[in-house]
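Source file: start.cif. Holds: mmCIF, C-alpha atoms and all ligand atoms.
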```cif
data_query
#
loop_
_atom_site.label_atom_id
_atom_site.label_comp_id
_atom_site.auth_asym_id
_atom_site.auth_seq_id
_atom_site.Cartn_x
_atom_site.Cartn_y
_atom_site.Cartn_z
CA MET A 858 61.93 113.31 73.40
CA GLU A 859 65.68 112.88 72.82
CA ILE A 860 67.72 115.60 74.55
CA GLN A 861 70.51 117.13 72.46
CA ALA A 862 73.63 117.01 74.70
CA LYS A 863 75.61 120.25 74.89
CA LYS A 864 79.35 119.82 74.57
CA LYS A 865 80.10 123.22 76.14
CA PHE A 866 78.48 122.01 79.40
CA GLY A 867 80.32 118.68 79.39
CA GLN A 868 77.08 116.78 78.95
CA ASN A 869 77.52 113.01 78.76
CA PHE A 870 74.41 111.39 80.14
CA ILE A 871 74.07 107.98 81.76
CA SER A 872 70.92 105.89 81.71
CA ASP A 873 71.82 102.32 82.70
CA PRO A 874 69.63 101.57 85.78
CA THR A 875 72.17 99.07 87.18
CA LEU A 876 74.96 101.64 87.00
CA ILE A 877 72.76 104.35 88.52
CA LYS A 878 71.85 102.06 91.42
CA LYS A 879 75.47 101.08 91.93
CA ILE A 880 76.51 104.74 92.20
CA VAL A 881 73.68 105.85 94.49
CA THR A 882 74.25 102.85 96.78
CA LEU A 883 77.60 104.40 97.75
CA ILE A 884 75.66 106.88 99.88
CA PRO A 885 74.77 105.22 103.19
CA GLU A 886 71.12 104.22 103.63
CA ASN A 887 70.10 107.03 105.94
CA LYS A 888 66.91 108.62 104.68
CA ASN A 889 67.46 111.72 106.75
CA SER A 890 70.58 112.83 104.81
CA LEU A 891 70.85 115.98 102.74
CA ILE A 892 72.08 115.25 99.21
CA ILE A 893 73.59 117.88 96.95
CA GLU A 894 73.97 116.95 93.31
CA ILE A 895 76.11 118.90 90.85
CA GLY A 896 74.86 118.71 87.27
CA PRO A 897 71.69 116.59 87.42
CA GLY A 898 71.33 116.71 83.64
CA THR A 899 68.05 115.02 82.79
CA GLY A 900 67.87 113.52 86.28
CA ALA A 901 69.37 110.05 85.80
CA LEU A 902 70.76 109.90 89.34
CA THR A 903 68.42 112.51 90.75
CA LYS A 904 65.26 110.39 90.36
CA LEU A 905 66.65 107.63 92.56
CA LEU A 906 68.12 110.13 95.04
CA VAL A 907 64.73 111.80 95.49
CA GLN A 908 63.13 108.41 96.20
CA LYS A 909 65.75 107.44 98.76
CA PHE A 910 66.49 110.63 100.70
CA ASP A 911 64.59 113.34 102.56
CA LYS A 912 66.15 116.27 100.77
CA VAL A 913 67.89 116.62 97.41
CA VAL A 914 69.27 119.92 96.12
CA ALA A 915 70.59 119.93 92.56
CA ILE A 916 72.65 122.62 90.84
CA GLU A 917 72.33 122.76 87.06
CA ILE A 918 73.68 125.45 84.72
CA ASP A 919 71.69 124.48 81.63
CA GLU A 920 68.46 126.46 81.63
CA SER A 921 66.88 124.22 79.00
CA LEU A 922 66.99 121.22 81.38
CA ILE A 923 65.15 122.95 84.22
CA PRO A 924 61.57 122.42 82.91
CA ILE A 925 62.39 118.74 82.26
CA LEU A 926 63.69 118.30 85.81
CA HIS A 927 60.63 120.08 87.24
CA ARG A 928 58.30 117.91 85.16
CA ASP A 929 59.96 114.61 86.05
CA LEU A 930 60.83 115.38 89.65
CA ASN A 931 57.81 117.17 90.95
CA SER A 932 58.46 116.32 94.55
CA GLU A 933 58.53 118.40 97.72
CA ASN A 934 61.91 117.10 98.79
CA PHE A 935 63.59 118.25 95.58
CA LYS A 936 65.00 121.67 94.85
CA ILE A 937 66.76 122.79 91.71
CA ILE A 938 69.13 125.73 91.55
CA ASN A 939 69.69 127.00 87.99
CA GLN A 940 73.20 128.37 88.45
CA ASP A 941 76.85 127.83 87.57
CA VAL A 942 78.23 125.64 90.36
CA LEU A 943 81.41 127.73 90.38
CA THR A 944 79.41 130.71 91.63
CA ILE A 945 77.72 128.79 94.43
CA ASP A 946 78.63 129.65 98.02
CA PHE A 947 78.61 126.07 99.32
CA LYS A 948 79.04 127.06 102.93
CA SER A 949 75.83 129.17 102.91
CA LEU A 950 73.97 126.65 100.76
CA ILE A 951 74.67 123.84 103.20
CA GLU A 952 73.85 125.99 106.23
CA ASN A 953 70.53 127.05 104.67
CA GLU A 954 69.47 123.63 103.45
CA LYS A 955 70.38 121.56 106.49
CA GLN A 956 67.26 120.73 108.47
CA ASN A 957 69.16 120.14 111.71
CA PRO A 958 72.80 120.41 112.78
CA GLU A 959 73.24 116.63 112.92
CA GLN A 960 72.01 116.01 109.41
CA GLU A 961 74.69 114.40 107.26
CA VAL A 962 75.51 116.01 103.94
CA TYR A 963 76.57 114.05 100.83
CA LEU A 964 77.76 115.45 97.54
CA ILE A 965 77.27 113.53 94.33
CA SER A 966 78.15 114.32 90.73
CA ASN A 967 78.66 112.79 87.36
CA MET A 968 81.04 115.65 86.79
CA PRO A 969 81.13 118.09 83.91
CA TYR A 970 84.77 117.20 83.13
CA TYR A 971 85.82 120.66 81.94
CA ILE A 972 85.66 121.92 85.54
CA THR A 973 86.67 118.80 87.50
CA SER A 974 89.58 120.44 89.37
CA GLU A 975 87.59 123.54 90.27
CA ILE A 976 84.78 121.41 91.68
CA LEU A 977 87.23 119.25 93.62
CA PHE A 978 88.99 122.22 95.21
CA ARG A 979 85.68 123.91 96.03
CA THR A 980 84.54 120.70 97.68
CA PHE A 981 87.75 120.55 99.71
CA ASP A 982 87.06 124.11 100.94
CA VAL A 983 83.85 122.94 102.65
CA SER A 984 85.00 119.43 103.48
CA ASP A 985 84.30 119.91 107.18
CA GLN A 986 80.59 120.29 106.31
CA ILE A 987 80.38 117.23 104.08
CA LYS A 988 80.49 113.60 105.11
CA LYS A 989 81.30 112.03 101.77
CA ALA A 990 81.49 112.89 98.07
CA ILE A 991 80.77 110.45 95.25
CA PHE A 992 82.28 111.67 92.00
CA MET A 993 82.36 110.34 88.47
CA VAL A 994 85.60 111.62 86.97
CA GLN A 995 87.84 110.72 84.05
CA LYS A 996 89.72 107.52 84.87
CA GLU A 997 93.04 109.35 84.75
CA VAL A 998 91.84 111.88 87.33
CA ALA A 999 90.65 109.03 89.54
CA THR A 1000 94.13 107.48 89.48
CA ARG A 1001 95.62 110.87 90.43
CA LEU A 1002 93.20 111.27 93.29
CA ILE A 1003 94.20 107.98 94.86
CA ALA A 1004 97.92 108.03 93.91
CA LYS A 1005 100.53 107.56 96.63
CA GLU A 1006 103.95 109.25 96.69
CA SER A 1007 106.41 108.01 94.08
CA GLY A 1008 103.55 106.55 92.04
CA ASN A 1009 103.26 107.55 88.38
CA ASN A 1010 100.21 109.75 88.75
CA TYR A 1011 101.08 111.47 92.03
CA ASN A 1012 100.72 115.27 91.89
CA ASN A 1013 99.39 118.21 93.90
CA LEU A 1014 95.82 116.94 93.47
CA SER A 1015 96.84 113.64 95.09
CA VAL A 1016 98.29 115.50 98.09
CA ALA A 1017 95.22 117.75 98.39
CA ALA A 1018 92.84 114.80 98.16
CA ASP A 1019 94.84 112.85 100.74
CA PHE A 1020 94.95 115.87 103.03
CA TYR A 1021 91.16 116.19 103.06
CA ALA A 1022 89.83 112.69 102.56
CA ASP A 1023 90.03 108.96 102.79
CA LYS A 1024 89.73 108.09 99.11
CA LYS A 1025 88.54 105.01 97.32
CA TYR A 1026 88.57 104.09 93.64
CA GLU A 1027 85.16 102.44 93.58
CA PHE A 1028 84.88 101.16 90.02
CA THR A 1029 85.62 101.90 86.38
CA VAL A 1030 82.81 103.06 84.09
CA LEU A 1031 83.46 102.31 80.43
CA LYS A 1032 82.92 105.16 77.99
CA ASN A 1033 80.14 103.34 76.14
CA LYS A 1034 77.93 103.78 79.22
CA PHE A 1035 77.55 107.48 78.33
CA LYS A 1036 75.56 109.29 75.68
CA PRO A 1037 77.23 110.80 73.73
CA VAL A 1038 80.23 108.45 74.13
CA PRO A 1039 83.24 110.44 75.45
CA LYS A 1040 86.86 109.86 74.38
CA VAL A 1041 88.02 108.22 77.60
CA ASP A 1042 86.78 105.84 80.28
CA SER A 1043 85.64 107.15 83.64
CA ALA A 1044 85.64 105.99 87.23
CA ILE A 1045 83.69 106.52 90.39
CA VAL A 1046 85.74 107.76 93.33
CA SER A 1047 84.46 108.28 96.83
CA LEU A 1048 85.98 110.79 99.21
CA THR A 1049 85.15 110.39 102.89
CA PHE A 1050 86.30 113.61 104.49
CA TRP A 1051 88.51 113.46 107.55
CA ASP A 1052 90.41 115.85 109.77
CA LYS A 1053 93.38 113.53 110.17
CA TYR A 1054 95.87 116.13 108.95
CA LYS A 1055 93.82 119.32 109.21
CA GLN A 1056 94.25 119.65 112.97
CA GLU A 1057 98.00 119.98 112.50
CA LEU A 1058 97.66 123.18 110.52
CA ASN A 1059 95.35 125.27 112.73
CA GLY A 1060 93.20 126.53 109.88
CA ASN A 1061 96.08 127.18 107.48
CA ASP A 1062 94.97 124.47 105.12
CA GLN A 1063 94.28 126.66 102.08
CA GLU A 1064 97.74 128.20 102.40
CA PHE A 1065 99.15 124.68 102.65
CA ILE A 1066 97.35 123.57 99.48
CA SER A 1067 98.68 126.55 97.51
CA PHE A 1068 102.18 125.82 98.87
CA VAL A 1069 101.97 122.25 97.53
CA ARG A 1070 100.67 123.59 94.22
CA LYS A 1071 103.72 125.87 93.92
CA ILE A 1072 106.10 123.02 94.76
CA PHE A 1073 104.61 120.93 91.94
CA ASN A 1074 105.01 123.80 89.44
CA ASN A 1075 108.32 122.29 88.40
CA ARG A 1076 107.89 118.61 89.02
CA ARG A 1077 111.12 117.69 87.18
CA LYS A 1078 113.21 119.88 89.48
CA THR A 1079 114.48 118.86 92.89
CA ILE A 1080 112.62 119.73 96.05
CA LEU A 1081 115.53 122.02 96.96
CA ASN A 1082 115.07 124.08 93.79
CA ASN A 1083 111.30 124.20 94.13
CA LEU A 1084 111.49 125.26 97.75
CA THR A 1085 114.09 127.88 96.91
CA ASN A 1086 111.65 129.36 94.37
CA ILE A 1087 109.40 130.04 97.33
CA THR A 1088 111.96 131.13 99.95
CA ASN A 1089 114.38 132.89 97.56
CA ASN A 1090 117.11 131.63 99.86
CA LYS A 1091 118.98 128.40 99.09
CA ASP A 1092 120.68 128.12 102.48
CA LEU A 1093 117.40 128.56 104.28
CA SER A 1094 115.77 125.93 102.02
CA LYS A 1095 118.62 123.50 102.77
CA ALA A 1096 118.19 124.12 106.49
CA ILE A 1097 114.41 123.56 106.37
CA LEU A 1098 114.79 120.36 104.35
CA GLY A 1099 117.43 119.12 106.80
CA GLN A 1100 115.17 119.88 109.74
CA THR A 1101 112.30 118.01 108.00
CA LYS A 1102 114.62 115.09 107.12
CA ILE A 1103 113.87 115.33 103.41
CA ALA A 1104 116.78 114.70 101.02
CA GLU A 1105 117.52 117.76 98.85
CA ASN A 1106 117.62 115.84 95.59
CA LEU A 1107 114.14 114.28 95.86
CA ARG A 1108 111.48 115.38 93.36
CA PRO A 1109 108.06 116.73 94.41
CA GLU A 1110 106.47 113.39 93.48
CA ASN A 1111 108.59 111.51 96.05
CA ILE A 1112 107.27 113.39 99.08
CA SER A 1113 104.31 112.22 101.16
CA THR A 1114 101.43 114.33 102.47
CA ASN A 1115 102.79 114.06 105.98
CA GLN A 1116 106.25 115.21 104.86
CA TYR A 1117 104.69 118.16 103.02
CA ILE A 1118 102.85 119.14 106.18
CA GLN A 1119 106.05 119.05 108.25
CA LEU A 1120 107.90 120.98 105.55
CA PHE A 1121 105.18 123.64 105.46
CA LYS A 1122 105.17 123.93 109.26
CA ASN A 1123 108.95 124.29 109.37
CA LEU A 1124 108.78 126.94 106.66
CA LYS A 1125 106.08 128.87 108.54
CA VAL A 1126 108.14 129.22 111.73
CA GLN A 1127 111.08 130.80 109.88
N1 LIG B 1201 73.91 113.76 86.09
C1 LIG B 1201 73.63 113.59 84.69
C2 LIG B 1201 73.90 112.16 84.31
O1 LIG B 1201 74.60 111.48 85.07
O2 LIG B 1201 73.42 111.71 83.27
C3 LIG B 1201 74.42 114.56 83.81
C4 LIG B 1201 75.92 114.51 83.95
S1 LIG B 1201 76.78 115.47 82.75
C5 LIG B 1201 78.31 114.62 82.69
C6 LIG B 1201 77.24 116.96 83.61
C7 LIG B 1201 76.10 117.89 83.99
O3 LIG B 1201 76.64 119.06 84.61
C8 LIG B 1201 75.27 118.40 82.83
O4 LIG B 1201 73.92 118.33 83.15
C9 LIG B 1201 75.70 119.86 82.64
O5 LIG B 1201 74.73 120.68 82.08
C10 LIG B 1201 76.01 120.23 84.09
N2 LIG B 1201 76.95 121.35 84.21
C11 LIG B 1201 77.98 121.65 83.38
N3 LIG B 1201 78.63 122.74 83.81
C12 LIG B 1201 78.02 123.14 84.94
C13 LIG B 1201 78.24 124.21 85.84
N4 LIG B 1201 79.23 125.09 85.66
N5 LIG B 1201 77.41 124.33 86.90
C14 LIG B 1201 76.39 123.44 87.09
N6 LIG B 1201 76.14 122.41 86.28
C15 LIG B 1201 76.95 122.25 85.21
#
```
Could you render the structure from this file as C-alpha cells?
Amino acid sequence: MEIQAKKKFGQNFISDPTLIKKIVTLIPENKNSLIIEIGPGTGALTKLLVQKFDKVVAIEIDESLIPILHRDLNSENFKIINQDVLTIDFKSLIENEKQNPEQEVYLISNMPYYITSEILFRTFDVSDQIKKAIFMVQKEVATRLIAKESGNNYNNLSVAADFYADKKYEFTVLKNKFKPVPKVDSAIVSLTFWDKYKQELNGNDQEFISFVRKIFNNRRKTILNNLTNITNNKDLSKAILGQTKIAENLRPENISTNQYIQLFKNLKVQ
C-alpha cells in the first residue's frame, strides 16, 4: 500500500537500499549501542537499525504511521514513541532507555525540515549524553553547520555546532532520492560531540549560545554595535573588545568560536 506523505509533517521518504546502508554505516559497528531515531516515517532507516543494534527507540508524531511501524518492526529491541519530538525530555529518555552507564547513544534522523533548528538546539542541550548524531538536513543547512568564520554561510548555528561538535559534511543526497521530491537537495552531516570548548564555560553554555544568537541579530552591523546592544554601554563594549583583541569594525561573521568564548567570558566578569 502506497503511503500518502503529509506535507505538514515534513514527510519526504527515502527507499534506496544503497543510500539507507550508507547512512546507517556512519554509526560505528557496536551492537550494544542505543539508537534514537527522530521521525522513522515508514521505517526506511529503522528496519536496518533494528537489525544492527541492541536497542532502537523511535519518536514519530504521525499517529497513522504507528500501526505500520508496529507491523513491520515487531521486534523486542524496538520501541516507538508516538509524540512530538519537541515535547520529548531527551535527558530523561536517554537515562531511562540506557541499559548501562557505558552504553553509547547515537541519534539519527532524516529530519522533518520544518523543525531542523529546534531539533539541532535540543540535541546540543543533551550533547554530553550523546556520542554522535547523523542528520539528513537541507544542503544549505549542512553548509551552515560546517562553515568556518568569514565563510559565506557562517552564522550563529555554525558557532553553536562548532561549540558542541566535531562536524563532518558526509555526502550530498540529491532531491530525486526522496518521495515526494522536495524543492532542494539535502546532505548528511555527522556531529561527534566533544567538550573541547564546554569546559571553558563552567556550565554556562546555554547562556553563551543565546549571547551568540543576539550578536548575530544584526549581522550587517559591526561587532561593536552588536555588543553595545547587549551592554548598553559603548565604552564598556570597546574595552571588552580591546581586552579580547577583536577589532571593533569586524562583523559577527568574522569572529571564530574561540573568540566568541573569550568575548563572552570577558563580558561575564564585568
Ligand atoms: N525516516 C523516514 C525516511 O527516511 O524515509 C522519514 C523521514 S521524513 C523526512 C520526517 C519524519 O519525521 C516523518 O515521518 C514525520 O512524520 C516525522 N515528524 C515530523 N514532525 C515530527 C515531530 N514534531 N516529532 C516527531 N516526528 C516528526
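The smallest atom-to-atom distance between Gln1116 of chain A and any of A:Phe866, A:Phe1020, A:Trp1051, A:Phe1035, using only C-alpha atoms, is found for A:Phe1020.
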Step by step, gather every atom of ligand LIG 1201 (chain B) that the file lists, find the box along x, y and z that holds them, add 5 Å on each side, and finally give centre and edge lengths in Å to one decimal, as AutoDock Vina command-line options.
```
--center_x 76.3 --center_y 118.3 --center_z 84.6 --size_x 15.8 --size_y 23.6 --size_z 15.0
```
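Shortest separation to ligand LIG 1201 (chain B) among A:Leu1098, A:Ile860, A:Met993, A:Ile918 occurs at residue A:Ile918, atoms counted being all atoms listed in the file.
Nearest to ligand LIG 1201 (chain B) of all the residues A:Gly867, A:Gly1099, A:Pro1039, A:Pro885 is A:Gly867, counting only C-alpha atoms and all ligand atoms.
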Name the residues, by chain letter and number, that sit within 8 Å of ligand LIG 1201 (chain B) using all atoms listed in the file, and give them as a PDB file with C-alpha atoms, in the coordinates of the input.
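Result file selection04.pdb:
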```
ATOM      1  CA  LYS A 863      75.610 120.250  74.890  1.00  0.00           C
ATOM      2  CA  LYS A 865      80.100 123.220  76.140  1.00  0.00           C
ATOM      3  CA  PHE A 866      78.480 122.010  79.400  1.00  0.00           C
ATOM      4  CA  GLY A 867      80.320 118.680  79.390  1.00  0.00           C
ATOM      5  CA  GLN A 868      77.080 116.780  78.950  1.00  0.00           C
ATOM      6  CA  ASN A 869      77.520 113.010  78.760  1.00  0.00           C
ATOM      7  CA  PHE A 870      74.410 111.390  80.140  1.00  0.00           C
ATOM      8  CA  ILE A 871      74.070 107.980  81.760  1.00  0.00           C
ATOM      9  CA  SER A 872      70.920 105.890  81.710  1.00  0.00           C
ATOM     10  CA  GLU A 894      73.970 116.950  93.310  1.00  0.00           C
ATOM     11  CA  ILE A 895      76.110 118.900  90.850  1.00  0.00           C
ATOM     12  CA  GLY A 896      74.860 118.710  87.270  1.00  0.00           C
ATOM     13  CA  PRO A 897      71.690 116.590  87.420  1.00  0.00           C
ATOM     14  CA  GLY A 898      71.330 116.710  83.640  1.00  0.00           C
ATOM     15  CA  THR A 899      68.050 115.020  82.790  1.00  0.00           C
ATOM     16  CA  GLY A 900      67.870 113.520  86.280  1.00  0.00           C
ATOM     17  CA  ALA A 901      69.370 110.050  85.800  1.00  0.00           C
ATOM     18  CA  LEU A 902      70.760 109.900  89.340  1.00  0.00           C
ATOM     19  CA  THR A 903      68.420 112.510  90.750  1.00  0.00           C
ATOM     20  CA  ILE A 916      72.650 122.620  90.840  1.00  0.00           C
ATOM     21  CA  GLU A 917      72.330 122.760  87.060  1.00  0.00           C
ATOM     22  CA  ILE A 918      73.680 125.450  84.720  1.00  0.00           C
ATOM     23  CA  ASP A 919      71.690 124.480  81.630  1.00  0.00           C
ATOM     24  CA  LEU A 922      66.990 121.220  81.380  1.00  0.00           C
ATOM     25  CA  ASN A 939      69.690 127.000  87.990  1.00  0.00           C
ATOM     26  CA  GLN A 940      73.200 128.370  88.450  1.00  0.00           C
ATOM     27  CA  ASP A 941      76.850 127.830  87.570  1.00  0.00           C
ATOM     28  CA  VAL A 942      78.230 125.640  90.360  1.00  0.00           C
ATOM     29  CA  LEU A 943      81.410 127.730  90.380  1.00  0.00           C
ATOM     30  CA  SER A 966      78.150 114.320  90.730  1.00  0.00           C
ATOM     31  CA  ASN A 967      78.660 112.790  87.360  1.00  0.00           C
ATOM     32  CA  MET A 968      81.040 115.650  86.790  1.00  0.00           C
ATOM     33  CA  PRO A 969      81.130 118.090  83.910  1.00  0.00           C
ATOM     34  CA  TYR A 970      84.770 117.200  83.130  1.00  0.00           C
ATOM     35  CA  TYR A 971      85.820 120.660  81.940  1.00  0.00           C
ATOM     36  CA  ILE A 972      85.660 121.920  85.540  1.00  0.00           C
ATOM     37  CA  PHE A1035      77.550 107.480  78.330  1.00  0.00           C
TER      38      PHE A1035
END
```
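Of the listed residues A:Ile1097, A:Arg1077, A:Phe981, A:Lys989, the one whose atoms come nearest to Ile965 of chain A is A:Lys989, with distances taken using only C-alpha atoms.
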Ala999 of chain A proximity check over A:Asn1033, A:Ser1047, A:Lys955, A:Thr980, using all atoms listed in the file: winner is A:Ser1047
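Minimum distance to Ser1113 of chain A across A:Thr1029, A:Asn1075, A:Asn1012, A:Asn1083 (counting only C-alpha atoms) occurs at A:Asn1012.
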Residue neighbourhood segment 1004-1006 of chain A, 12 Å, only C-alpha atoms, exclusion window fewer than 2 positions, as a ChimeraX atom specification
/A:997-1002,1008-1020,1023-1026,1107-1117
With only C-alpha atoms counted, which protein, DNA or RNA residues have an atom no more than 12 Å from (107.8, 125.1, 99.9) in the file frame? Please answer as a PyMOL selection string.
chain A and resi 1064-1075+1079-1091+1093-1095+1097-1098+1101+1109+1112+1116-1125+1127
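Of note, atom CA of Ile880 of chain A and atom CA of Leu1048 of chain A are spaced 13.2 Å apart.
Across the structure, atom CA of Lys1053 of chain A and atom CA of Glu959 of chain A are spaced 20.6 Å apart.
For the pair atom CA of Lys948 of chain A and atom CA of Val962 of chain A, the interatomic distance is 11.6 Å.
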Because some atoms of segment 1004-1032 of chain A are absent here, can you restore N, CA and C atoms and send them as a CSV table (one decimal), in the coordinates of the input?
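Result file result_26.csv:
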```
chain,number,residue,atom,x,y,z
A,1004,ALA,N,96.5,108.4,94.0
A,1004,ALA,CA,97.9,108.0,93.9
A,1004,ALA,C,98.7,108.3,95.2
A,1005,LYS,N,99.6,107.4,95.5
A,1005,LYS,CA,100.5,107.6,96.6
A,1005,LYS,C,101.9,108.1,96.2
A,1006,GLU,N,102.7,108.7,97.1
A,1006,GLU,CA,104.0,109.2,96.7
A,1006,GLU,C,104.8,108.2,95.9
A,1007,SER,N,105.5,108.8,95.0
A,1007,SER,CA,106.4,108.0,94.1
A,1007,SER,C,105.7,107.2,93.0
A,1008,GLY,N,104.3,107.2,93.1
A,1008,GLY,CA,103.6,106.6,92.0
A,1008,GLY,C,103.5,107.4,90.8
A,1009,ASN,N,103.2,106.8,89.7
A,1009,ASN,CA,103.3,107.6,88.4
A,1009,ASN,C,102.4,108.8,88.3
A,1010,ASN,N,101.2,108.7,88.9
A,1010,ASN,CA,100.2,109.8,88.8
A,1010,ASN,C,100.2,110.7,89.9
A,1011,TYR,N,101.1,110.6,90.8
A,1011,TYR,CA,101.1,111.5,92.0
A,1011,TYR,C,101.4,112.9,91.7
A,1012,ASN,N,100.5,113.8,92.1
A,1012,ASN,CA,100.7,115.3,91.9
A,1012,ASN,C,100.1,116.1,93.0
A,1013,ASN,N,99.9,117.4,92.8
A,1013,ASN,CA,99.4,118.2,93.9
A,1013,ASN,C,97.9,117.9,94.2
A,1014,LEU,N,97.2,117.4,93.2
A,1014,LEU,CA,95.8,116.9,93.5
A,1014,LEU,C,95.8,115.7,94.4
A,1015,SER,N,96.8,114.8,94.2
A,1015,SER,CA,96.8,113.6,95.1
A,1015,SER,C,97.1,114.1,96.5
A,1016,VAL,N,98.0,115.0,96.7
A,1016,VAL,CA,98.3,115.5,98.1
A,1016,VAL,C,97.1,116.2,98.7
A,1017,ALA,N,96.4,117.0,97.9
A,1017,ALA,CA,95.2,117.8,98.4
A,1017,ALA,C,94.1,116.8,98.8
A,1018,ALA,N,93.9,115.8,97.9
A,1018,ALA,CA,92.8,114.8,98.2
A,1018,ALA,C,93.2,114.0,99.4
A,1019,ASP,N,94.4,113.6,99.6
A,1019,ASP,CA,94.8,112.8,100.7
A,1019,ASP,C,94.7,113.7,102.0
A,1020,PHE,N,95.0,115.0,101.9
A,1020,PHE,CA,95.0,115.9,103.0
A,1020,PHE,C,93.5,115.9,103.6
A,1021,TYR,N,92.6,116.0,102.6
A,1021,TYR,CA,91.2,116.2,103.1
A,1021,TYR,C,90.3,114.9,103.2
A,1022,ALA,N,90.8,113.8,102.6
A,1022,ALA,CA,89.8,112.7,102.6
A,1022,ALA,C,90.5,111.3,102.5
A,1023,ASP,N,89.7,110.4,103.0
A,1023,ASP,CA,90.0,109.0,102.8
A,1023,ASP,C,89.4,108.6,101.4
A,1024,LYS,N,90.2,108.2,100.5
A,1024,LYS,CA,89.7,108.1,99.1
A,1024,LYS,C,89.6,106.6,98.7
A,1025,LYS,N,88.7,106.4,97.8
A,1025,LYS,CA,88.5,105.0,97.3
A,1025,LYS,C,88.2,105.0,95.8
A,1026,TYR,N,88.9,104.3,95.1
A,1026,TYR,CA,88.6,104.1,93.6
A,1026,TYR,C,87.5,103.0,93.7
A,1027,GLU,N,86.3,103.4,93.4
A,1027,GLU,CA,85.2,102.4,93.6
A,1027,GLU,C,85.1,101.5,92.4
A,1028,PHE,N,84.9,102.0,91.2
A,1028,PHE,CA,84.9,101.2,90.0
A,1028,PHE,C,85.0,102.0,88.7
A,1029,THR,N,85.4,101.3,87.7
A,1029,THR,CA,85.6,101.9,86.4
A,1029,THR,C,84.3,101.9,85.7
A,1030,VAL,N,84.0,103.0,84.9
A,1030,VAL,CA,82.8,103.1,84.1
A,1030,VAL,C,83.3,103.2,82.6
A,1031,LEU,N,83.0,102.3,81.8
A,1031,LEU,CA,83.5,102.3,80.4
A,1031,LEU,C,82.7,103.4,79.7
A,1032,LYS,N,83.5,104.0,78.7
A,1032,LYS,CA,82.9,105.2,78.0
A,1032,LYS,C,81.6,104.9,77.3
```
